[in-house]
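Chemist: Contents of final11.cif (mmCIF, C-alpha atoms):
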```
data_query
loop_
_atom_site.label_atom_id
_atom_site.label_comp_id
_atom_site.auth_asym_id
_atom_site.auth_seq_id
_atom_site.Cartn_x
_atom_site.Cartn_y
_atom_site.Cartn_z
CA MET A 475 -3.23 98.26 -12.12
CA GLY A 476 -4.07 95.78 -14.90
CA LEU A 477 -7.43 94.38 -15.85
CA LEU A 478 -7.19 91.86 -13.01
CA ASP A 479 -5.92 92.72 -9.55
CA ASN A 480 -5.08 90.15 -6.89
CA PHE A 481 -8.72 89.90 -5.84
CA GLU A 482 -9.82 88.85 -9.31
CA ARG A 483 -6.82 86.63 -9.97
CA GLY A 484 -7.86 84.31 -7.15
CA LEU A 485 -11.08 83.35 -8.86
CA GLU A 486 -9.40 83.43 -12.26
CA ARG A 487 -7.19 80.56 -11.08
CA ALA A 488 -10.26 78.67 -9.89
CA VAL A 489 -11.97 79.19 -13.24
CA ASN A 490 -8.93 77.92 -15.08
CA GLY A 491 -8.92 74.84 -12.85
CA VAL A 492 -12.02 73.31 -11.32
CA PHE A 493 -14.58 75.33 -13.30
CA ALA A 494 -12.87 75.50 -16.71
CA LYS A 495 -14.94 72.79 -18.41
CA THR A 496 -18.19 74.25 -17.09
CA PHE A 497 -17.73 77.75 -18.46
CA LYS A 498 -16.75 77.44 -22.11
CA SER A 499 -19.34 80.14 -22.87
CA GLY A 500 -21.70 82.47 -21.02
CA LEU A 501 -21.24 84.14 -17.65
CA ALA A 502 -18.17 83.04 -15.66
CA PRO A 503 -17.64 83.22 -11.88
CA ILE A 504 -14.96 85.88 -12.31
CA GLU A 505 -17.64 88.27 -13.59
CA ILE A 506 -19.56 87.80 -10.33
CA THR A 507 -16.31 88.51 -8.49
CA SER A 508 -15.88 91.79 -10.35
CA ALA A 509 -19.49 92.78 -9.64
CA LEU A 510 -19.06 92.10 -5.91
CA ARG A 511 -15.86 94.09 -5.80
CA ARG A 512 -17.53 97.05 -7.48
CA GLU A 513 -20.39 96.81 -4.99
CA LEU A 514 -17.95 96.97 -2.07
CA ASP A 515 -16.07 99.94 -3.52
CA THR A 516 -19.25 101.82 -4.46
CA LYS A 517 -21.01 101.32 -1.12
CA ALA A 518 -17.97 101.91 1.11
CA ALA A 519 -18.95 104.42 3.81
CA VAL A 520 -16.32 106.29 5.83
CA VAL A 521 -17.56 106.18 9.43
CA SER A 522 -14.35 107.49 10.97
CA ARG A 523 -10.66 107.73 10.17
CA GLU A 524 -10.18 104.15 11.33
CA ARG A 525 -13.42 102.63 10.07
CA ILE A 526 -14.76 102.20 6.52
CA LEU A 527 -17.97 100.19 6.55
CA VAL A 528 -19.06 98.07 3.58
CA PRO A 529 -22.06 95.79 2.96
CA ASN A 530 -21.85 92.22 4.18
CA LYS A 531 -25.05 90.77 2.71
CA PHE A 532 -25.23 90.31 -1.05
CA ASP A 533 -28.05 89.12 -3.28
CA VAL A 534 -26.56 88.29 -6.69
CA ARG A 535 -29.33 88.23 -9.31
CA LEU A 536 -28.80 86.22 -12.50
CA GLY A 537 -30.83 85.24 -15.54
CA ARG A 538 -32.20 81.70 -15.65
CA THR A 539 -29.41 80.11 -17.72
CA ASP A 540 -26.61 81.71 -15.70
CA TYR A 541 -28.35 80.90 -12.43
CA GLN A 542 -28.67 77.23 -13.32
CA ARG A 543 -25.05 77.08 -14.44
CA MET A 544 -23.74 78.73 -11.27
CA THR A 545 -25.85 76.77 -8.79
CA ALA A 546 -24.70 73.55 -10.44
CA ILE A 547 -21.25 74.20 -9.00
CA GLY A 548 -22.54 73.83 -5.45
CA PRO A 549 -21.43 75.52 -2.20
CA THR A 550 -17.80 75.68 -3.39
CA LEU A 551 -18.61 78.73 -5.48
CA ILE A 552 -20.09 80.62 -2.53
CA ASP A 553 -17.05 79.72 -0.43
CA GLU A 554 -14.72 81.07 -3.13
CA LEU A 555 -16.72 84.29 -3.53
CA THR A 556 -16.87 84.80 0.25
CA GLN A 557 -13.12 84.38 0.57
CA LEU A 558 -12.41 86.82 -2.24
CA VAL A 559 -14.80 89.43 -0.81
CA GLN A 560 -13.07 88.99 2.53
CA ASN A 561 -9.61 89.38 0.94
CA HIS A 562 -10.58 92.49 -1.03
CA ALA A 563 -12.06 94.12 2.07
CA ALA A 564 -8.87 93.40 4.04
CA ALA A 565 -6.69 94.80 1.26
CA GLN A 566 -8.73 98.02 1.09
CA GLY A 567 -9.11 98.44 4.86
CA TYR A 568 -12.88 97.85 4.78
CA GLN A 569 -14.84 96.48 7.73
CA PHE A 570 -18.09 94.51 7.99
CA ALA A 571 -20.90 94.83 10.51
CA GLY A 572 -21.32 91.06 10.62
CA GLY A 573 -20.58 87.86 8.77
CA ILE A 574 -20.54 87.76 4.97
CA SER A 575 -23.65 86.37 3.28
CA ILE A 576 -23.80 85.78 -0.49
CA ARG A 577 -26.89 84.37 -2.17
CA LEU A 578 -27.57 83.63 -5.82
CA THR A 579 -31.10 84.42 -7.01
CA GLU A 580 -32.81 83.73 -10.31
CA ASP A 581 -34.21 86.90 -11.91
CA MET A 582 -36.50 86.31 -14.87
CA GLY A 583 -36.05 89.93 -15.92
CA LEU A 584 -32.34 89.51 -16.64
CA SER A 585 -30.96 88.05 -19.86
CA GLU A 586 -27.94 85.77 -20.10
CA GLY A 587 -24.70 87.48 -19.14
CA MET A 588 -26.34 90.17 -16.98
CA ILE A 589 -25.69 90.54 -13.24
CA ARG A 590 -27.45 92.66 -10.64
CA VAL A 591 -26.11 92.88 -7.09
CA ASP A 592 -28.25 94.14 -4.19
CA SER A 593 -26.41 94.64 -0.91
CA GLN A 594 -26.94 95.86 2.62
CA ASN A 595 -25.24 96.15 5.98
CA VAL A 596 -26.57 93.59 8.42
CA LYS A 597 -25.32 93.55 11.99
CA GLY A 598 -24.95 90.08 13.38
CA GLU A 599 -22.71 87.38 14.74
CA VAL A 600 -19.81 86.22 12.60
CA SER A 601 -19.54 82.49 11.99
CA TRP A 602 -15.89 81.62 11.45
CA THR A 603 -15.88 78.71 9.01
CA PRO A 604 -12.55 76.83 8.77
CA VAL A 605 -11.79 75.04 5.51
CA LEU A 606 -8.97 73.02 4.02
CA ASP A 607 -8.08 73.37 0.35
CA VAL A 608 -6.54 70.02 -0.51
CA ALA A 609 -5.23 69.39 -4.02
CA GLY A 610 -7.76 71.77 -5.55
CA LYS A 611 -10.76 70.62 -3.51
CA ARG A 612 -12.30 72.43 -0.55
CA TYR A 613 -13.31 70.60 2.63
CA PRO A 614 -15.14 72.42 5.46
CA ILE A 615 -13.77 71.40 8.85
CA VAL A 616 -16.77 69.99 10.69
CA LYS A 617 -15.00 68.06 13.45
CA SER A 618 -12.53 68.98 16.17
CA ARG A 619 -10.03 66.51 14.64
CA THR A 620 -9.55 66.00 10.90
CA ILE A 621 -7.08 63.35 9.69
CA ILE A 622 -5.55 63.61 6.22
CA GLY A 623 -3.81 60.71 4.58
CA ARG A 624 -3.71 58.08 1.85
CA GLY A 625 -5.81 55.51 3.72
CA HIS A 626 -9.54 55.15 3.27
CA ASP A 627 -10.00 55.48 7.05
CA ALA A 628 -8.68 59.05 6.95
CA ASP A 629 -11.25 61.87 7.10
CA ILE A 630 -9.78 63.32 3.90
CA THR A 631 -8.29 60.69 1.60
CA VAL A 632 -5.63 61.89 -0.85
CA ASP A 633 -4.30 59.85 -3.78
CA ASP A 634 -0.60 60.51 -3.22
CA THR A 635 1.91 57.66 -2.85
CA GLY A 636 4.28 60.02 -1.06
CA ILE A 637 2.11 60.31 2.04
CA SER A 638 1.24 57.90 4.83
CA ARG A 639 -2.15 56.30 5.43
CA LYS A 640 -2.69 58.72 8.31
CA HIS A 641 -0.22 61.51 7.67
CA VAL A 642 -1.33 64.67 9.50
CA GLU A 643 -4.20 65.86 11.63
CA VAL A 644 -5.73 69.32 11.93
CA LEU A 645 -7.27 70.21 15.28
CA TRP A 646 -9.89 72.97 15.57
CA ASP A 647 -11.38 74.18 18.88
CA GLY A 648 -13.74 76.73 17.37
CA LYS A 649 -11.23 79.58 17.45
CA ARG A 650 -7.76 78.17 16.88
CA ALA A 651 -6.21 75.44 14.77
CA GLN A 652 -3.18 73.19 15.13
CA VAL A 653 -1.43 70.77 12.78
CA ASN A 654 0.25 67.58 14.00
CA ASP A 655 2.33 65.14 11.98
CA LEU A 656 1.17 61.62 12.87
CA GLY A 657 4.57 59.97 12.65
CA SER A 658 4.52 59.92 8.86
CA THR A 659 7.29 58.25 6.88
CA ASN A 660 8.27 61.26 4.77
CA GLY A 661 7.38 64.01 7.23
CA SER A 662 5.40 67.24 6.79
CA GLN A 663 6.17 70.89 6.14
CA LEU A 664 4.41 74.04 7.31
CA ASN A 665 5.08 77.13 5.22
CA GLY A 666 8.24 75.50 3.84
CA GLU A 667 9.67 74.33 7.17
CA PRO A 668 9.61 70.81 8.70
CA VAL A 669 6.88 70.48 11.31
CA SER A 670 5.78 67.92 13.87
CA LYS A 671 3.34 70.09 15.84
CA ALA A 672 2.51 73.78 15.44
CA PRO A 673 -0.30 76.36 15.60
CA LEU A 674 -2.03 76.81 12.26
CA ALA A 675 -2.68 80.41 11.21
CA PRO A 676 -5.11 81.29 8.40
CA GLU A 677 -3.55 80.97 4.92
CA SER A 678 -0.91 78.56 6.25
CA VAL A 679 0.36 75.98 3.75
CA ILE A 680 0.92 72.36 4.74
CA GLN A 681 2.96 70.22 2.32
CA ILE A 682 2.76 66.43 2.52
CA GLY A 683 4.27 64.41 -0.29
CA ARG A 684 3.23 66.14 -3.52
CA THR A 685 0.04 67.47 -1.92
CA ARG A 686 -0.42 71.11 -0.96
CA ILE A 687 -2.96 71.92 1.77
CA VAL A 688 -4.07 75.48 2.56
CA PHE A 689 -5.88 76.27 5.81
CA ARG A 690 -8.36 79.14 5.57
CA VAL A 691 -10.98 80.69 7.83
CA LEU A 692 -14.00 82.36 6.22
CA ALA A 693 -16.06 85.02 8.00
CA GLN A 694 -19.65 84.07 7.17
CA SER A 695 -23.16 84.44 8.45
CA SER A 696 -24.57 81.30 10.02
CA ASP A 697 -27.41 81.02 7.49
CA VAL A 698 -25.45 81.40 4.23
CA ASP A 699 -26.15 78.95 1.41
CA LEU A 700 -25.96 78.89 -2.36
CA ARG A 701 -29.73 79.44 -2.34
CA GLY A 702 -29.81 80.96 1.14
CA ASP A 703 -31.45 78.01 2.95
CA ARG A 704 -28.67 75.97 4.54
CA ASP A 705 -26.71 76.38 7.77
CA ARG A 706 -23.05 76.82 6.82
CA GLY A 707 -22.07 74.89 9.93
CA THR A 708 -23.25 71.63 8.39
CA GLN A 709 -21.90 69.59 5.52
CA LYS A 710 -24.01 67.74 3.00
#
```
Let me see whether you can do it: turn the structure in this file into C-alpha coordinates.

Modeler:
Amino acid sequence: MGLLDNFERGLERAVNGVFAKTFKSGLAPIEITSALRRELDTKAAVVSRERILVPNKFDVRLGRTDYQRMTAIGPTLIDELTQLVQNHAAAQGYQFAGGISIRLTEDMGLSEGMIRVDSQNVKGEVSWTPVLDVAGKRYPIVKSRTIIGRGHDADITVDDTGISRKHVEVLWDGKRAQVNDLGSTNGSQLNGEPVSKAPLAPESVIQIGRTRIVFRVLAQSSDVDLRGDRDRGTQK
(Lines of atoms letter the chains of each structure in order from A and count residues from 1; the text may use other names and numbers.)
(Lines give C-alpha, C1' and ligand atoms only; values in the text may rest on other atoms or scores of the structure.)
Protein backbone atom coordinates (compact mmCIF):
# COMPACT_ATOMS: atom_id res chain seq x y z
CA MET A 1 0.00 0.00 0.00
CA GLY A 2 1.33 3.46 -0.90
CA LEU A 3 1.34 6.58 1.20
CA LEU A 4 -2.30 7.21 0.30
CA ASP A 5 -4.93 4.50 0.19
CA ASN A 6 -8.39 4.94 -1.28
CA PHE A 7 -9.68 6.49 1.94
CA GLU A 8 -7.11 9.27 1.82
CA ARG A 9 -7.32 9.77 -1.93
CA GLY A 10 -10.94 10.89 -1.63
CA LEU A 11 -10.04 13.92 0.43
CA GLU A 12 -6.86 14.44 -1.58
CA ARG A 13 -9.05 15.06 -4.63
CA ALA A 14 -11.15 17.52 -2.64
CA VAL A 15 -8.03 19.35 -1.48
CA ASN A 16 -6.76 19.59 -5.03
CA GLY A 17 -10.12 21.02 -6.09
CA VAL A 18 -12.36 23.08 -3.85
CA PHE A 19 -9.86 23.61 -1.02
CA ALA A 20 -6.63 24.06 -3.01
CA LYS A 21 -6.45 27.86 -2.77
CA THR A 22 -7.18 27.79 0.96
CA PHE A 23 -4.37 25.46 1.96
CA LYS A 24 -1.19 26.73 0.34
CA SER A 25 0.53 26.25 3.72
CA GLY A 26 -0.24 24.87 7.17
CA LEU A 27 -2.47 21.96 8.12
CA ALA A 28 -4.55 20.46 5.28
CA PRO A 29 -7.81 18.50 5.55
CA ILE A 30 -6.08 15.32 4.38
CA GLU A 31 -4.04 15.34 7.61
CA ILE A 32 -7.28 15.29 9.61
CA THR A 33 -8.40 12.39 7.43
CA SER A 34 -5.26 10.43 8.27
CA ALA A 35 -5.68 11.16 11.99
CA LEU A 36 -9.29 9.92 11.93
CA ARG A 37 -8.30 6.77 10.10
CA ARG A 38 -5.58 6.03 12.64
CA GLU A 39 -8.10 6.58 15.44
CA LEU A 40 -10.48 4.04 13.89
CA ASP A 41 -7.74 1.45 13.40
CA THR A 42 -6.28 1.97 16.87
CA LYS A 43 -9.59 1.83 18.74
CA ALA A 44 -11.13 -1.04 16.75
CA ALA A 45 -12.49 -3.61 19.23
CA VAL A 46 -13.29 -7.17 18.16
CA VAL A 47 -16.63 -7.97 19.80
CA SER A 48 -17.22 -11.18 17.88
CA ARG A 49 -16.17 -12.86 14.65
CA GLU A 50 -18.77 -10.83 12.77
CA ARG A 51 -18.52 -7.55 14.66
CA ILE A 52 -15.63 -5.09 15.02
CA LEU A 53 -16.76 -1.99 16.87
CA VAL A 54 -15.11 1.41 16.33
CA PRO A 55 -15.76 4.88 17.77
CA ASN A 56 -18.43 7.00 16.13
CA LYS A 57 -17.96 10.30 17.98
CA PHE A 58 -14.81 12.30 17.29
CA ASP A 59 -13.53 15.52 18.80
CA VAL A 60 -10.76 16.84 16.54
CA ARG A 61 -8.62 19.34 18.47
CA LEU A 62 -6.63 21.94 16.53
CA GLY A 63 -4.48 24.95 17.32
CA ARG A 64 -6.04 28.39 16.84
CA THR A 65 -4.72 29.09 13.32
CA ASP A 66 -5.64 25.65 11.98
CA TYR A 67 -9.03 25.76 13.68
CA GLN A 68 -9.89 29.10 12.10
CA ARG A 69 -8.72 27.90 8.69
CA MET A 70 -10.74 24.67 8.86
CA THR A 71 -13.96 26.18 10.21
CA ALA A 72 -13.84 28.77 7.42
CA ILE A 73 -14.63 25.97 4.97
CA GLY A 74 -18.04 25.42 6.53
CA PRO A 75 -20.13 22.23 6.90
CA THR A 76 -18.76 20.81 3.62
CA LEU A 77 -15.58 19.75 5.39
CA ILE A 78 -17.48 17.81 8.06
CA ASP A 79 -19.56 16.12 5.35
CA GLU A 80 -16.40 15.06 3.50
CA LEU A 81 -14.74 13.75 6.67
CA THR A 82 -17.90 11.87 7.68
CA GLN A 83 -18.13 10.21 4.28
CA LEU A 84 -14.49 9.16 4.33
CA VAL A 85 -14.76 7.75 7.86
CA GLN A 86 -17.83 5.84 6.72
CA ASN A 87 -16.02 4.51 3.62
CA HIS A 88 -12.94 3.42 5.58
CA ALA A 89 -15.08 1.61 8.15
CA ALA A 90 -16.95 -0.22 5.39
CA ALA A 91 -13.70 -1.21 3.67
CA GLN A 92 -12.25 -2.59 6.91
CA GLY A 93 -15.46 -4.30 8.08
CA TYR A 94 -15.89 -1.96 11.06
CA GLN A 95 -19.26 -1.18 12.63
CA PHE A 96 -20.57 1.82 14.58
CA ALA A 97 -22.86 1.91 17.60
CA GLY A 98 -24.66 4.96 16.23
CA GLY A 99 -24.38 7.81 13.78
CA ILE A 100 -21.03 9.44 13.05
CA SER A 101 -20.33 12.74 14.81
CA ILE A 102 -17.24 14.83 14.03
CA ARG A 103 -16.56 18.13 15.78
CA LEU A 104 -13.67 20.54 15.39
CA THR A 105 -12.48 22.17 18.62
CA GLU A 106 -9.95 24.92 19.23
CA ASP A 107 -7.20 23.84 21.64
CA MET A 108 -4.96 26.65 22.85
CA GLY A 109 -2.38 24.09 23.97
CA LEU A 110 -1.69 22.89 20.43
CA SER A 111 0.62 24.67 18.01
CA GLU A 112 0.01 25.03 14.28
CA GLY A 113 0.12 21.72 12.42
CA MET A 114 -0.71 19.58 15.47
CA ILE A 115 -3.85 17.42 15.72
CA ARG A 116 -5.34 15.58 18.67
CA VAL A 117 -8.33 13.27 18.22
CA ASP A 118 -10.50 12.16 21.15
CA SER A 119 -13.09 9.50 20.35
CA GLN A 120 -15.73 7.37 21.98
CA ASN A 121 -18.50 4.91 21.21
CA VAL A 122 -21.90 6.51 21.59
CA LYS A 123 -25.03 4.44 21.10
CA GLY A 124 -27.80 6.34 19.39
CA GLU A 125 -30.06 6.75 16.42
CA VAL A 126 -28.49 7.09 13.00
CA SER A 127 -29.58 10.06 10.93
CA TRP A 128 -29.26 9.16 7.25
CA THR A 129 -28.37 12.39 5.48
CA PRO A 130 -28.78 12.30 1.67
CA VAL A 131 -26.62 14.64 -0.37
CA LEU A 132 -26.01 15.43 -4.02
CA ASP A 133 -22.51 16.24 -5.25
CA VAL A 134 -23.14 18.41 -8.30
CA ALA A 135 -20.20 19.70 -10.33
CA GLY A 136 -17.93 19.76 -7.28
CA LYS A 137 -20.46 21.27 -4.87
CA ARG A 138 -22.40 19.41 -2.19
CA TYR A 139 -26.11 19.99 -1.62
CA PRO A 140 -27.95 18.32 1.30
CA ILE A 141 -31.35 17.01 0.22
CA VAL A 142 -33.81 18.80 2.48
CA LYS A 143 -37.02 18.27 0.51
CA SER A 144 -38.88 15.22 -0.74
CA ARG A 145 -38.46 16.52 -4.32
CA THR A 146 -35.31 18.23 -5.61
CA ILE A 147 -35.25 19.54 -9.19
CA ILE A 148 -31.94 20.03 -10.99
CA GLY A 149 -31.65 22.08 -14.14
CA ARG A 150 -30.38 25.17 -15.91
CA GLY A 151 -33.33 27.40 -14.97
CA HIS A 152 -33.32 29.69 -11.97
CA ASP A 153 -36.57 28.09 -10.78
CA ALA A 154 -34.82 24.75 -10.28
CA ASP A 155 -33.86 23.80 -6.71
CA ILE A 156 -30.26 23.29 -7.86
CA THR A 157 -29.28 25.53 -10.77
CA VAL A 158 -26.39 24.32 -12.94
CA ASP A 159 -24.60 26.45 -15.53
CA ASP A 160 -24.57 23.89 -18.35
CA THR A 161 -26.01 24.68 -21.79
CA GLY A 162 -26.42 20.97 -22.45
CA ILE A 163 -29.18 20.52 -19.90
CA SER A 164 -32.81 21.64 -19.79
CA ARG A 165 -34.27 24.28 -17.49
CA LYS A 166 -35.81 21.50 -15.40
CA HIS A 167 -33.83 18.41 -16.36
CA VAL A 168 -34.14 15.78 -13.61
CA GLU A 169 -35.69 15.39 -10.20
CA VAL A 170 -34.51 13.38 -7.21
CA LEU A 171 -37.21 12.06 -4.89
CA TRP A 172 -36.41 11.12 -1.28
CA ASP A 173 -38.92 9.55 1.14
CA GLY A 174 -36.58 9.39 4.12
CA LYS A 175 -35.23 5.94 3.29
CA ARG A 176 -35.13 5.54 -0.48
CA ALA A 177 -34.36 7.75 -3.47
CA GLN A 178 -35.49 7.83 -7.07
CA VAL A 179 -34.36 9.80 -10.12
CA ASN A 180 -36.76 10.91 -12.86
CA ASP A 181 -35.90 12.59 -16.15
CA LEU A 182 -38.34 15.49 -16.63
CA GLY A 183 -38.67 15.17 -20.39
CA SER A 184 -35.30 16.80 -21.01
CA THR A 185 -34.10 17.54 -24.53
CA ASN A 186 -30.82 15.63 -24.34
CA GLY A 187 -31.85 12.94 -21.87
CA SER A 188 -30.15 11.63 -18.72
CA GLN A 189 -27.89 8.74 -17.80
CA LEU A 190 -27.64 6.70 -14.61
CA ASN A 191 -24.36 4.88 -14.11
CA GLY A 192 -23.65 5.14 -17.84
CA GLU A 193 -27.06 3.95 -19.07
CA PRO A 194 -30.00 6.04 -20.39
CA VAL A 195 -32.65 6.55 -17.73
CA SER A 196 -36.15 7.98 -17.53
CA LYS A 197 -37.09 6.71 -14.06
CA ALA A 198 -35.15 4.45 -11.69
CA PRO A 199 -34.32 3.79 -8.02
CA LEU A 200 -31.24 5.69 -6.88
CA ALA A 201 -28.75 3.69 -4.82
CA PRO A 202 -26.00 5.38 -2.77
CA GLU A 203 -22.93 6.30 -4.87
CA SER A 204 -25.02 6.29 -8.06
CA VAL A 205 -23.85 8.69 -10.79
CA ILE A 206 -26.32 10.77 -12.80
CA GLN A 207 -24.98 12.41 -15.97
CA ILE A 208 -26.86 15.32 -17.53
CA GLY A 209 -25.14 17.29 -20.27
CA ARG A 210 -21.56 17.82 -19.10
CA THR A 211 -22.60 17.71 -15.44
CA ARG A 212 -21.86 14.75 -13.18
CA ILE A 213 -24.10 14.25 -10.14
CA VAL A 214 -23.30 11.74 -7.38
CA PHE A 215 -25.97 10.68 -4.89
CA ARG A 216 -24.63 9.80 -1.44
CA VAL A 217 -26.13 8.96 1.95
CA LEU A 218 -24.13 9.84 5.07
CA ALA A 219 -24.68 8.08 8.41
CA GLN A 220 -24.58 10.91 10.93
CA SER A 221 -25.78 11.82 14.38
CA SER A 222 -28.67 14.26 14.40
CA ASP A 223 -26.71 16.93 16.30
CA VAL A 224 -23.51 17.03 14.23
CA ASP A 225 -22.12 20.42 13.21
CA LEU A 226 -18.77 21.95 12.38
CA ARG A 227 -18.78 23.37 15.91
CA GLY A 228 -21.22 20.80 17.28
CA ASP A 229 -24.26 23.10 17.64
CA ARG A 230 -26.40 22.65 14.55
CA ASP A 231 -28.98 20.02 13.59
CA ARG A 232 -27.71 18.28 10.45
CA GLY A 233 -31.28 17.98 9.24
CA THR A 234 -31.43 21.70 8.48
CA GLN A 235 -29.69 23.79 5.87
CA LYS A 236 -28.39 27.28 6.40

Chemist: Translate the PyMOL selection byres ((chain A and resi 580) around 7) into a concrete residue list for this structure, as a ChimeraX atom specification.

Modeler: /A:535-538,541,578-579,581-582

Chemist: Using the chain letters and numbering of this document, enumerate as a ChimeraX atom specification the residues selected by the PyMOL selection byres ((chain A and resi 650-665) around 12).

Modeler: /A:602-606,615,617-624,628,634-649,666-691

Chemist: Report as a list in words the full result of the PyMOL selection byres ((chain A and resi 501) around 10) when it is applied to this structure.

Modeler: Phe497, Lys498, Ser499, Gly500, Ala502, Pro503, Ile504, Glu505, Ile506, Leu536, Gly537, Thr539, Asp540, Tyr541, Arg543, Met544, Glu586, Gly587, Met588 and Ile589 of chain A

Chemist: Check the smallest atom-to-atom distance from each of A:Gly567, A:Gly610, A:Gly572, A:Pro549 to Val632 in chain A using all atoms listed in the file, then report the winner.

Modeler: A:Gly610

Chemist: Tell me, in Å to one decimal, how far CA of Asn595 in chain A is from CA of Pro529 in chain A.

Modeler: 4.4 Å

Chemist: Find the axis-aligned box for range 543-559 of chain A, covering all its listed atoms and adding 8 Å on each side, and write its centre and edge lengths in Å to one decimal as JSON.

Modeler:
```
{"center_x": -19.1, "center_y": 81.5, "center_z": -6.9, "size_x": 29.4, "size_y": 31.9, "size_z": 31.0}
```

Chemist: Figure out the distance between CA of Val616 in chain A and CA of Ala563 in chain A, please, to one decimal in Å.

Modeler: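 CA of Val616 in chain A lies 26.1 Å from CA of Ala563 in chain A.
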
Chemist: Just to confirm, what's the straight-line distance from CA of Ala609 in chain A to CA of Ile576 in chain A in Å (one decimal)?

Modeler: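 So the two atoms, CA of Ala609 in chain A and CA of Ile576 in chain A, lie 25.0 Å apart.
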